[in-house]
Amino acid sequence: MSGLLTVLEKMHAARTGYARPLRRFRHHHLVDEPLVIVPLKLAGEAAAPLGCAVGTDPDEPVLLTVPQPRNRDLQHAFFTDLAHVVLGYVAARQGETEEVVPRGGEPRLRYADAPQILVPNRPALDHLGLTGRLTRFQETEDDVPLLGRWLTFFADRAEYPGSSLALALTDLLTAQWATGQSDLEDANLAMLLAWICPPEGTTGAAAAQVAENPLDFPPAGPATDPDFDGLVLQPAVQGYDRAVDAGDPVAAARAEAKVREAVTSQLMPTWRLMWKGLRRLRELPEAAGCEQRWAADRDRFTRHVDRIAEGGPPQPRHDHAVAAAARLATLERAQSRFEAQQAVDDPFVLAELRTTGEAFGGTVVAGEPDRTEVTAKGRTVLRPRLTVRTEDPVRVDDDQAYVCPDRPKQNVRIREIAEDESGCLLVLDVVSGMGTVKKPVPIPEPGETVRYTRVPPQWGGQDFPAPEETPWTHGGPPPGSEEPQGAEQ
Amino acid sequence: MDARRPAAGVRRTPGSRAVIEDPSAASQQAVESVLADMARAGDGDRGVVVDSPPGAGKTTLVVRAARALTESGETTMIIAQTNNQVDDLIERLAAELPDVPLGRLSAEAYTPPDGVNRLANVAVDTGIDGLGECRIVLGTAAKWARVRDHHRRWAIVDEAYQMRSDALLLVAHLFDRGLFVGDPGQLDPFTVVETARWTGLSYDPRLNAIDVLLAHNEELPTHRLPVSWRLPASAAPLVSRAFYPFTGFQAGTSEGTRRLEFTTRGLRSPLDDTLETARRAGWALHELPARHTLRTDPQAAEAAAGLAARLLTRGAVAVCERHPDGRPIGPGDIAIGVAHRDQADQIRRALAALGVPGITVDTANRLQGREFEVVVVVHPLSGRRDATAFHLEAGRLCVLTSRHRQACIVVARAGITDLLDAYPSTDPIHLNVPVKFPDGWEAHQAVLTQLTAHRVSAPD
């Protein structure tokens, strides 16, 4: 986000040396027991695992390392161990269920809890996705393919705006605070956290400078520090190779421990930062919209559990044409809904939108609370009208309904804008939540200060054709389209 | 997204194009060959693609094709992208085919404009069932996507390069073959969703409809219209060279046919100097001092609004092939084009403060397909510190610099050349994604080179 207020807060942060809040609320749900994963990969390889710290207990991470990351058998052993932790964590969320009865739909069950994976940054999320792709098609008897399907599920969900099943800590923190450094520097977890929670007695800016040193604050991964690679990791791995070539199990074990020690030294500082950042985020109040979004997440989780239980195939390598279009439509709707909902929930976000005219605020100067209109069918309905004076640069979209966060059930539409030198007068028609002629719901009164933002669009969308009905313009049905596949929608 | 791919059989290098001696005949011939291909289409054939540069008679082609299909006994569906486009088309069709029943498929909330209401042979309905008698039914892609259990042999898809391929996916089951018409040089459709998930797939839903269509139907004949009737002789060569290097076009009018005149004398002010340059050359660059600004640069907004207002004050008269004796330019003949919506809002306020109503101010996206006598453009890179892919996009600059029939005036901060030098294109190259050509960086250089010759330095 690079709105006017964000830029202003960044400048304030740069001048004062302390991070500045951008939002009053946290807009992602945080569970009591998230699974934190800090993955590291081998430089120069797409997804060769070097090691990871994983677990739900800040004091006792499970540390997994690969003594020779290029060795496929050792990679597989690593994935087996990781599967044990991840699948165990996921299984533990499948306890209680609740019944959901959608309006006019079939009742369904959904889990009362859901897993939440936290990684340091975006590249770590991408890395989980790649690991998922690497493992989900393997034809082994163990849990590794299943791990792949879950990691793919988490990485896919991470793209959904507003979803909290898989989150990157740097994303959460930068949404919440403006620092005095560049976006690129904000992607460095150590520096970002230094700005947000500096040690007692120093400014964020000074703490961030200290955190630049890769010896004390190794990169949060998945890429490692090149100096570490060359000076520490490579000799250790070579030592392991030599011991294995020599057929000396004792030396191999000793060399393995050495690699493990080296990789752990890179993992632990980030592991501690993860929990520090998490603690800080938990201090923030959660936005009202989180509950609904987390319920949607739990629905997705339940559906994925069902899909695996029913023996469905793993997610395909690529979305086919219909799945891609459907997923894009879902993502676009989720994004517009998430953005609008944040503004309703959070006055800071609404203020930012006021600078661009997507939201507005002002004083009510006139009201007609008992104004009525006659509909085409001849019924008399209540259509209160109010006039608001605003100095905001209001932008009118056709058919856009607006809502005041203090009156979440009452929607208005802009009827008319009249500009004069001191701002403009907006005539607003209340179009829902006004009650009836006999039982009117109060509307804002003259003199009252109001602010309005876009009404979050409701769910609902387009019906896409079945994959086997993919039209000729898009290459016709994908091969093997009789099997259900594609990105879950 | 190589929208500017060479059309079949016309692969040429830039600059080696033959000059068209008789533009009318060349235009006519292009249309005839499209119609001939359509008439030939047999069972396995999927239709025809027509690339049309700005103002090359796309609507005329659509009307001719609709008439030809109707005369050969076909019932046709026409898919456009916006309600305005549908309404414009239906008015043209109703005028040219007064005896053919036309249907207008519309959303619940749609109120037809007076122009459409007046037409005797047009029926408006929210469902296809109410339009069963109509030989030609028109609607937006979004509305057609809601139609079930309906089928026509032919569809005409207008502005197909503005259509996202996922929209085509939703309507393609309705027809067997199509005439796909559009301007490849305009802005690609866009999405707010950022993901690398579909990059390189031939059916990436974020691509435009024609790219996806051609990726799966290579045998589709591709035609192009060779003459722009909108752009004046001063503009066509540059727009053609900068944005359509392989499939160039030329102006339908010759030098001197279009002319701007002022009925009042100017002052020796920078605004008047710029207007005078634009009058003589068809181009002008109103250059403000170099400075990094917010994108709502108050001086640039003021200059753009001031130039448009001054044009009216000076009593500008446009002489052209339609009005050889000249016609006064009114506010409706002028547009101000910008990159961002907040810039448009700002300029609208500036115009309101000057007391000049009626001038169109909009973003490139919304100016697509529209035509004006004079266009004032706030350069997308003006005052910027960096050149992002958004601001470098060739389509954006192409739309802004190809809306005018007489002259185009660009308002910019000095220093864009340095900005371009500092930010060469660094878009990643992906497997299976055709390289976009020309790239925005190159197109910007070409336009800037031309503009530099018509520069007027203005104070802040």
# chains A, B, ... in the order shown; residues from 1 in each chain; ligands from 1

$ select_by_dssp --residues "segment 113-258 of chain A" --states "strand (DSSP E)" --output "list in words"
Ile117, Leu118, Val119, Ala166, Leu167, Ala168, Trp177 and Ala178 of chain A

$ residues_around --residues "Arg146 of chain B" --least-positions-apart "5" --cutoff "9 Å" --atoms "only C-alpha atoms" --output "ChimeraX atom specification"
/A:462-463 /B:141,170-171

$ write_last_selection --atoms "C-alpha atoms" --output "PDB file, in the first residue's frame"
ATOM      1  CA  GLN A 462     -20.270 -16.657 -11.955  1.00  0.00           C
ATOM      2  CA  ASP A 463     -21.144 -20.230 -12.922  1.00  0.00           C
TER       3      ASP A 463
ATOM      4  CA  ALA B 141     -19.916 -10.037 -22.356  1.00  0.00           C
ATOM      5  CA  LEU B 170     -17.935 -17.966 -20.238  1.00  0.00           C
ATOM      6  CA  VAL B 171     -19.611 -17.087 -23.540  1.00  0.00           C
TER       7      VAL B 171
END

$ interface_residues --of "chain A" --to "chain B" --cutoff "7 Å" --atoms "only C-alpha atoms" --output "NGL selection string"
:A and (321 or 324-325 or 331-332 or 356 or 464 or 471 or 473-475)

$ write_last_selection --atoms "C-alpha atoms" --output "PDB file, in the first residue's frame"
ATOM      1  CA  ALA A 321      -8.530 -23.357 -18.228  1.00  0.00           C
ATOM      2  CA  ALA A 324      -7.793 -20.940 -13.638  1.00  0.00           C
ATOM      3  CA  ALA A 325     -10.655 -18.629 -14.612  1.00  0.00           C
ATOM      4  CA  LEU A 331      -9.399 -14.230  -5.801  1.00  0.00           C
ATOM      5  CA  GLU A 332     -10.688 -10.966  -7.239  1.00  0.00           C
ATOM      6  CA  THR A 356      -8.406   9.056  -2.562  1.00  0.00           C
ATOM      7  CA  PHE A 464     -18.196 -21.679 -14.793  1.00  0.00           C
ATOM      8  CA  PRO A 471     -14.858 -24.430 -25.144  1.00  0.00           C
ATOM      9  CA  THR A 473     -11.522 -21.040 -27.753  1.00  0.00           C
ATOM     10  CA  HIS A 474      -9.556 -22.377 -24.789  1.00  0.00           C
ATOM     11  CA  GLY A 475      -8.295 -25.598 -26.319  1.00  0.00           C
TER      12      GLY A 475
END

$ residues_around --residues "Leu64 of chain A" --least-positions-apart "2" --cutoff "12 Å" --atoms "only C-alpha atoms" --output "number ranges by chain"
A: 37-41, 49-55, 61-62, 66-67, 69, 74-85, 256-257, 259-261, 263-264, 267-268

$ write_last_selection --atoms "C-alpha atoms" --output "PDB file, in the first residue's frame"
ATOM      1  CA  ILE A  37       8.008 -23.106  10.153  1.00  0.00           C
ATOM      2  CA  VAL A  38      11.368 -21.555   9.314  1.00  0.00           C
ATOM      3  CA  PRO A  39      12.630 -23.337   6.191  1.00  0.00           C
ATOM      4  CA  LEU A  40      16.112 -23.055   4.697  1.00  0.00           C
ATOM      5  CA  LYS A  41      17.143 -24.298   1.268  1.00  0.00           C
ATOM      6  CA  PRO A  49      15.911 -28.569   1.764  1.00  0.00           C
ATOM      7  CA  LEU A  50      18.804 -27.642   3.988  1.00  0.00           C
ATOM      8  CA  GLY A  51      16.846 -27.722   7.194  1.00  0.00           C
ATOM      9  CA  CYS A  52      14.018 -26.192   9.104  1.00  0.00           C
ATOM     10  CA  ALA A  53      12.835 -25.283  12.544  1.00  0.00           C
ATOM     11  CA  VAL A  54       9.217 -26.246  13.037  1.00  0.00           C
ATOM     12  CA  GLY A  55       6.818 -26.545  15.930  1.00  0.00           C
ATOM     13  CA  PRO A  61      11.438 -26.309  18.070  1.00  0.00           C
ATOM     14  CA  VAL A  62      11.799 -29.509  16.116  1.00  0.00           C
ATOM     15  CA  VAL A  66      19.903 -32.544   5.817  1.00  0.00           C
ATOM     16  CA  PRO A  67      23.634 -33.323   5.958  1.00  0.00           C
ATOM     17  CA  PRO A  69      20.975 -31.569   0.666  1.00  0.00           C
ATOM     18  CA  LEU A  74      18.360 -37.777   2.720  1.00  0.00           C
ATOM     19  CA  GLN A  75      15.861 -35.302   1.269  1.00  0.00           C
ATOM     20  CA  HIS A  76      13.192 -37.935   1.549  1.00  0.00           C
ATOM     21  CA  ALA A  77      14.106 -38.683   5.149  1.00  0.00           C
ATOM     22  CA  PHE A  78      13.773 -34.952   5.843  1.00  0.00           C
ATOM     23  CA  PHE A  79      10.328 -34.833   4.233  1.00  0.00           C
ATOM     24  CA  THR A  80       9.255 -37.877   6.261  1.00  0.00           C
ATOM     25  CA  ASP A  81      10.224 -36.121   9.488  1.00  0.00           C
ATOM     26  CA  LEU A  82       8.550 -32.908   8.389  1.00  0.00           C
ATOM     27  CA  ALA A  83       5.415 -34.848   7.433  1.00  0.00           C
ATOM     28  CA  HIS A  84       5.308 -36.298  10.923  1.00  0.00           C
ATOM     29  CA  VAL A  85       5.220 -32.835  12.492  1.00  0.00           C
ATOM     30  CA  GLU A 256      26.301 -34.824  10.339  1.00  0.00           C
ATOM     31  CA  ALA A 257      26.211 -33.273  13.786  1.00  0.00           C
ATOM     32  CA  VAL A 259      26.168 -29.683   9.610  1.00  0.00           C
ATOM     33  CA  ARG A 260      23.290 -29.765  12.035  1.00  0.00           C
ATOM     34  CA  GLU A 261      25.038 -27.377  14.374  1.00  0.00           C
ATOM     35  CA  VAL A 263      22.308 -24.970  10.123  1.00  0.00           C
ATOM     36  CA  THR A 264      20.815 -24.614  13.605  1.00  0.00           C
ATOM     37  CA  LEU A 267      17.720 -21.150  12.146  1.00  0.00           C
ATOM     38  CA  MET A 268      17.491 -20.267  15.815  1.00  0.00           C
TER      39      MET A 268
END

$ closest_residue --among "A:Pro219, A:Gly129, A:Gly277, A:Gly104" --to "Thr170 of chain A" --atoms "only C-alpha atoms"
A:Gly277

$ residues_around --residues "segment 340-344 of chain A" --least-positions-apart "5" --cutoff "7 Å" --atoms "only C-alpha atoms" --output "CSV table (one decimal) with all heavy atoms, in the first residue's frame"
chain,number,residue,atom,x,y,z
A,289,GLY,N,-14.1,-8.3,11.3
A,289,GLY,CA,-14.3,-9.1,10.2
A,289,GLY,C,-13.5,-10.4,10.2
A,289,GLY,O,-13.8,-11.3,9.4
A,349,VAL,N,-7.8,2.6,8.2
A,349,VAL,CA,-7.9,2.2,6.8
A,349,VAL,C,-8.9,3.1,6.1
A,349,VAL,O,-8.7,3.6,5.0
A,349,VAL,CB,-8.3,0.7,6.7
A,349,VAL,CG1,-8.5,0.4,5.2
A,349,VAL,CG2,-7.3,-0.2,7.4
A,350,LEU,N,-10.0,3.4,6.8
A,350,LEU,CA,-11.0,4.3,6.2
A,350,LEU,C,-10.4,5.7,5.9
A,350,LEU,O,-10.7,6.3,4.9
A,350,LEU,CB,-12.2,4.4,7.1
A,350,LEU,CG,-13.5,5.0,6.5
A,350,LEU,CD1,-14.7,4.3,7.1
A,350,LEU,CD2,-13.6,6.5,6.7
A,405,PRO,N,-19.5,2.8,9.4
A,405,PRO,CA,-19.2,1.7,10.3
A,405,PRO,C,-20.0,1.7,11.6
A,405,PRO,O,-20.2,0.7,12.2
A,405,PRO,CB,-17.7,2.0,10.6
A,405,PRO,CG,-17.2,2.8,9.4
A,405,PRO,CD,-18.4,3.6,8.9
A,453,THR,N,-18.0,4.4,3.8
A,453,THR,CA,-17.0,3.6,3.0
A,453,THR,C,-17.8,2.6,2.2
A,453,THR,O,-19.0,2.4,2.4
A,453,THR,CB,-15.9,3.0,3.8
A,453,THR,OG1,-15.0,2.3,2.9
A,453,THR,CG2,-16.5,2.0,4.8
A,454,ARG,N,-17.2,2.0,1.2
A,454,ARG,CA,-17.9,1.1,0.3
A,454,ARG,C,-18.4,-0.1,1.0
A,454,ARG,O,-17.8,-0.6,2.0
A,454,ARG,CB,-16.9,0.6,-0.8
A,454,ARG,CG,-16.5,1.6,-1.8
A,454,ARG,CD,-15.6,1.0,-2.8
A,454,ARG,NE,-14.4,0.5,-2.2
A,454,ARG,CZ,-13.7,-0.6,-2.6
A,454,ARG,NH1,-14.1,-1.3,-3.6
A,454,ARG,NH2,-12.6,-0.9,-2.0
A,455,VAL,N,-19.6,-0.6,0.7
A,455,VAL,CA,-20.1,-1.8,1.3
A,455,VAL,C,-19.4,-3.0,0.7
A,455,VAL,O,-19.2,-3.1,-0.5
A,455,VAL,CB,-21.6,-1.9,0.9
A,455,VAL,CG1,-22.2,-3.2,1.4
A,455,VAL,CG2,-22.4,-0.7,1.5
A,456,PRO,N,-18.9,-3.8,1.6
A,456,PRO,CA,-18.1,-5.0,1.1
A,456,PRO,C,-19.0,-5.8,0.2
A,456,PRO,O,-20.2,-6.1,0.6
A,456,PRO,CB,-17.8,-5.8,2.4
A,456,PRO,CG,-17.8,-4.8,3.5
A,456,PRO,CD,-18.9,-3.8,3.1

$ residues_around --residues "segment 187-196 of chain A" --least-positions-apart "5" --cutoff "7 Å" --atoms "only C-alpha atoms" --output "JSON list (two decimals) with C-alpha atoms, in the first residue's frame"
[["chain", "number", "residue", "atom", "x", "y", "z"],
["A", 18, "TYR", "CA", 10.21, 4.74, 15.58],
["A", 19, "ALA", "CA", 7.70, 2.67, 13.65],
["A", 120, "PRO", "CA", 9.01, -15.58, 8.16],
["A", 170, "THR", "CA", 6.70, -9.79, 7.37],
["A", 179, "THR", "CA", 8.95, 1.95, 9.28],
["A", 204, "GLY", "CA", 14.03, 1.51, 15.84],
["A", 205, "ALA", "CA", 16.32, 3.04, 13.26],
["A", 207, "ALA", "CA", 18.25, -1.21, 16.17],
["A", 208, "ALA", "CA", 17.61, -1.89, 12.48],
["A", 211, "ALA", "CA", 20.15, -6.05, 12.73],
["A", 212, "GLU", "CA", 21.75, -5.61, 9.30],
["A", 217, "PHE", "CA", 21.00, -11.83, 12.48],
["A", 220, "ALA", "CA", 15.33, -15.41, 7.67],
["A", 277, "GLY", "CA", 6.84, -10.83, 16.30]]

$ atom_distance --atom1 "atom CA of Val399 of chain B" --atom2 "atom CA of Arg241 of chain B"
14.4 Å

$ select_by_dssp --residues "segment 125-206 of chain B" --states "alpha helix (DSSP H)" --output "list in words"
Ala141, Ala142, Lys143, Trp144, Ser165, Asp166, Ala167, Leu168, Leu169, Leu170 and Val171 of chain B

$ residues_around --residues "segment 363-376 of chain B" --least-positions-apart "3" --cutoff "7 Å" --atoms "only C-alpha atoms" --output "number ranges by chain"
B: 187, 304, 333-341, 344, 396, 399-400, 403-410

$ write_last_selection --atoms "N, CA, C and O atoms" --output "compact mmCIF listing (two decimals), in the first residue's frame"
# COMPACT_ATOMS: atom_id res chain seq x y z
N LEU B 187 -4.81 -0.93 -24.28
CA LEU B 187 -4.44 -1.49 -22.99
C LEU B 187 -4.92 -2.92 -22.86
O LEU B 187 -6.06 -3.23 -23.20
N ALA B 304 -2.85 21.35 -17.68
CA ALA B 304 -3.72 20.59 -18.56
C ALA B 304 -5.09 21.25 -18.66
O ALA B 304 -5.63 21.44 -19.75
N ASP B 333 -15.52 18.40 -27.81
CA ASP B 333 -14.51 17.94 -28.76
C ASP B 333 -13.14 17.77 -28.11
O ASP B 333 -12.18 17.40 -28.77
N ILE B 334 -13.07 18.10 -26.82
CA ILE B 334 -11.77 18.08 -26.13
C ILE B 334 -11.77 17.02 -25.04
O ILE B 334 -12.76 16.86 -24.33
N ALA B 335 -10.67 16.30 -24.95
CA ALA B 335 -10.52 15.37 -23.83
C ALA B 335 -9.19 15.61 -23.15
O ALA B 335 -8.23 16.05 -23.78
N ILE B 336 -9.16 15.34 -21.85
CA ILE B 336 -7.89 15.34 -21.12
C ILE B 336 -7.68 13.93 -20.62
O ILE B 336 -8.54 13.37 -19.93
N GLY B 337 -6.55 13.33 -21.01
CA GLY B 337 -6.29 11.94 -20.65
C GLY B 337 -5.18 11.83 -19.62
O GLY B 337 -4.17 12.53 -19.69
N VAL B 338 -5.38 10.96 -18.62
CA VAL B 338 -4.40 10.78 -17.56
C VAL B 338 -4.22 9.27 -17.29
O VAL B 338 -4.90 8.45 -17.89
N ALA B 339 -3.29 8.97 -16.36
CA ALA B 339 -3.04 7.56 -16.05
C ALA B 339 -3.88 7.08 -14.88
O ALA B 339 -4.32 5.94 -14.84
N HIS B 340 -4.11 7.98 -13.90
CA HIS B 340 -4.76 7.56 -12.66
C HIS B 340 -6.06 8.30 -12.43
O HIS B 340 -6.21 9.46 -12.82
N ARG B 341 -6.95 7.64 -11.70
CA ARG B 341 -8.26 8.25 -11.47
C ARG B 341 -8.20 9.49 -10.59
O ARG B 341 -8.95 10.43 -10.78
N ALA B 344 -7.53 12.41 -12.67
CA ALA B 344 -8.71 12.87 -13.40
C ALA B 344 -9.60 13.70 -12.49
O ALA B 344 -10.08 14.77 -12.88
N ARG B 396 -1.02 2.05 -22.72
CA ARG B 396 -1.53 3.25 -22.06
C ARG B 396 -1.16 4.49 -22.87
O ARG B 396 -2.00 5.34 -23.17
N VAL B 399 -3.13 4.59 -26.21
CA VAL B 399 -4.50 5.09 -26.10
C VAL B 399 -4.48 6.61 -25.99
O VAL B 399 -5.21 7.32 -26.68
N LEU B 400 -3.60 7.12 -25.13
CA LEU B 400 -3.59 8.56 -24.88
C LEU B 400 -3.20 9.35 -26.12
O LEU B 400 -3.72 10.44 -26.36
N ARG B 403 -6.23 9.31 -29.68
CA ARG B 403 -7.66 9.63 -29.59
C ARG B 403 -8.05 10.82 -30.45
O ARG B 403 -9.22 11.15 -30.54
N HIS B 404 -7.08 11.55 -31.02
CA HIS B 404 -7.38 12.88 -31.57
C HIS B 404 -7.50 12.87 -33.09
O HIS B 404 -6.86 12.08 -33.77
N ARG B 405 -8.31 13.80 -33.59
CA ARG B 405 -8.43 13.99 -35.04
C ARG B 405 -7.59 15.17 -35.50
O ARG B 405 -7.26 15.27 -36.69
N GLN B 406 -7.26 16.07 -34.59
CA GLN B 406 -6.51 17.26 -34.99
C GLN B 406 -5.14 17.34 -34.32
O GLN B 406 -4.13 17.36 -35.00
N ALA B 407 -5.14 17.41 -33.00
CA ALA B 407 -3.87 17.66 -32.33
C ALA B 407 -3.84 17.00 -30.95
O ALA B 407 -4.88 16.81 -30.33
N CYS B 408 -2.63 16.70 -30.53
CA CYS B 408 -2.42 16.09 -29.22
C CYS B 408 -1.39 16.92 -28.47
O CYS B 408 -0.30 17.17 -28.99
N ILE B 409 -1.75 17.37 -27.28
CA ILE B 409 -0.84 18.19 -26.48
C ILE B 409 -0.46 17.40 -25.25
O ILE B 409 -1.33 16.94 -24.50
N VAL B 410 0.85 17.22 -25.03
CA VAL B 410 1.31 16.44 -23.88
C VAL B 410 1.86 17.38 -22.83
O VAL B 410 2.70 18.24 -23.13

$ atom_distance --atom1 "atom CA of Ala288 of chain A" --atom2 "atom CA of Leu5 of chain A"
22.8 Å

$ residues_around --residues "segment 444-447 of chain B" --least-positions-apart "2" --cutoff "12 Å" --atoms "only C-alpha atoms" --output "PyMOL selection string"
chain B and resi 235-245+283-285+379-381+387+389+391-398+400-402+408+410+416-421+423-425+438-442+449-454

$ write_last_selection --atoms "C-alpha atoms" --output "compact mmCIF listing (two decimals), in the first residue's frame"
# COMPACT_ATOMS: atom_id res chain seq x y z
CA ALA B 235 0.00 11.57 -36.05
CA ALA B 236 -0.47 8.33 -37.96
CA PRO B 237 3.21 7.75 -38.86
CA LEU B 238 4.38 8.13 -35.25
CA VAL B 239 1.60 6.04 -33.71
CA SER B 240 2.08 3.40 -36.38
CA ARG B 241 5.86 3.28 -35.91
CA ALA B 242 5.81 3.41 -32.11
CA PHE B 243 2.96 1.03 -31.35
CA TYR B 244 2.32 -1.09 -34.47
CA PRO B 245 5.81 -1.63 -35.85
CA TRP B 283 1.78 17.78 -31.57
CA ALA B 284 3.03 19.86 -28.68
CA LEU B 285 4.97 19.14 -25.53
CA HIS B 379 2.32 12.19 -19.48
CA PRO B 380 2.22 9.00 -17.37
CA LEU B 381 5.88 9.46 -16.39
CA ALA B 387 9.16 4.10 -14.13
CA ALA B 389 5.58 -1.39 -15.65
CA HIS B 391 3.49 3.69 -16.27
CA LEU B 392 5.66 2.27 -19.04
CA GLU B 393 2.89 0.17 -20.59
CA ALA B 394 2.83 0.80 -24.32
CA GLY B 395 -0.95 0.40 -24.51
CA ARG B 396 -1.53 3.25 -22.06
CA LEU B 397 0.57 5.71 -24.03
CA CYS B 398 -0.95 4.42 -27.27
CA LEU B 400 -3.59 8.56 -24.88
CA THR B 401 -1.80 9.60 -28.07
CA SER B 402 -4.29 8.14 -30.56
CA CYS B 408 -2.42 16.09 -29.22
CA VAL B 410 1.31 16.44 -23.88
CA ILE B 416 11.53 11.94 -18.58
CA THR B 417 14.47 11.08 -20.82
CA ASP B 418 16.68 10.65 -17.76
CA LEU B 419 13.98 8.61 -16.07
CA LEU B 420 13.80 6.28 -19.06
CA ASP B 421 17.58 5.94 -19.04
CA TYR B 423 14.74 2.55 -15.65
CA PRO B 424 15.21 0.32 -18.65
CA SER B 425 12.65 -2.47 -18.97
CA PRO B 438 7.13 -3.08 -28.86
CA ASP B 439 7.92 -2.81 -25.20
CA GLY B 440 6.77 0.24 -23.33
CA TRP B 441 10.23 1.59 -22.90
CA GLU B 442 10.89 1.63 -26.61
CA THR B 449 11.74 11.82 -29.61
CA GLN B 450 8.93 13.14 -31.74
CA LEU B 451 7.59 15.39 -28.98
CA THR B 452 10.97 16.95 -28.25
CA ALA B 453 10.81 18.63 -31.63
CA HIS B 454 7.62 20.45 -30.54

$ closest_residue --among "B:Cys134, B:Arg153, B:Leu105, B:Tyr110" --to "Met38 of chain B" --atoms "only C-alpha atoms"
B:Arg153

$ atom_distance --atom1 "atom CA of Arg384 of chain B" --atom2 "atom CA of Arg291 of chain B"
8.3 Å

$ closest_residue --among "A:Val450, A:Pro465, A:Arg298, A:Leu281" --to "Ala175 of chain A" --atoms "only C-alpha atoms"
A:Leu281
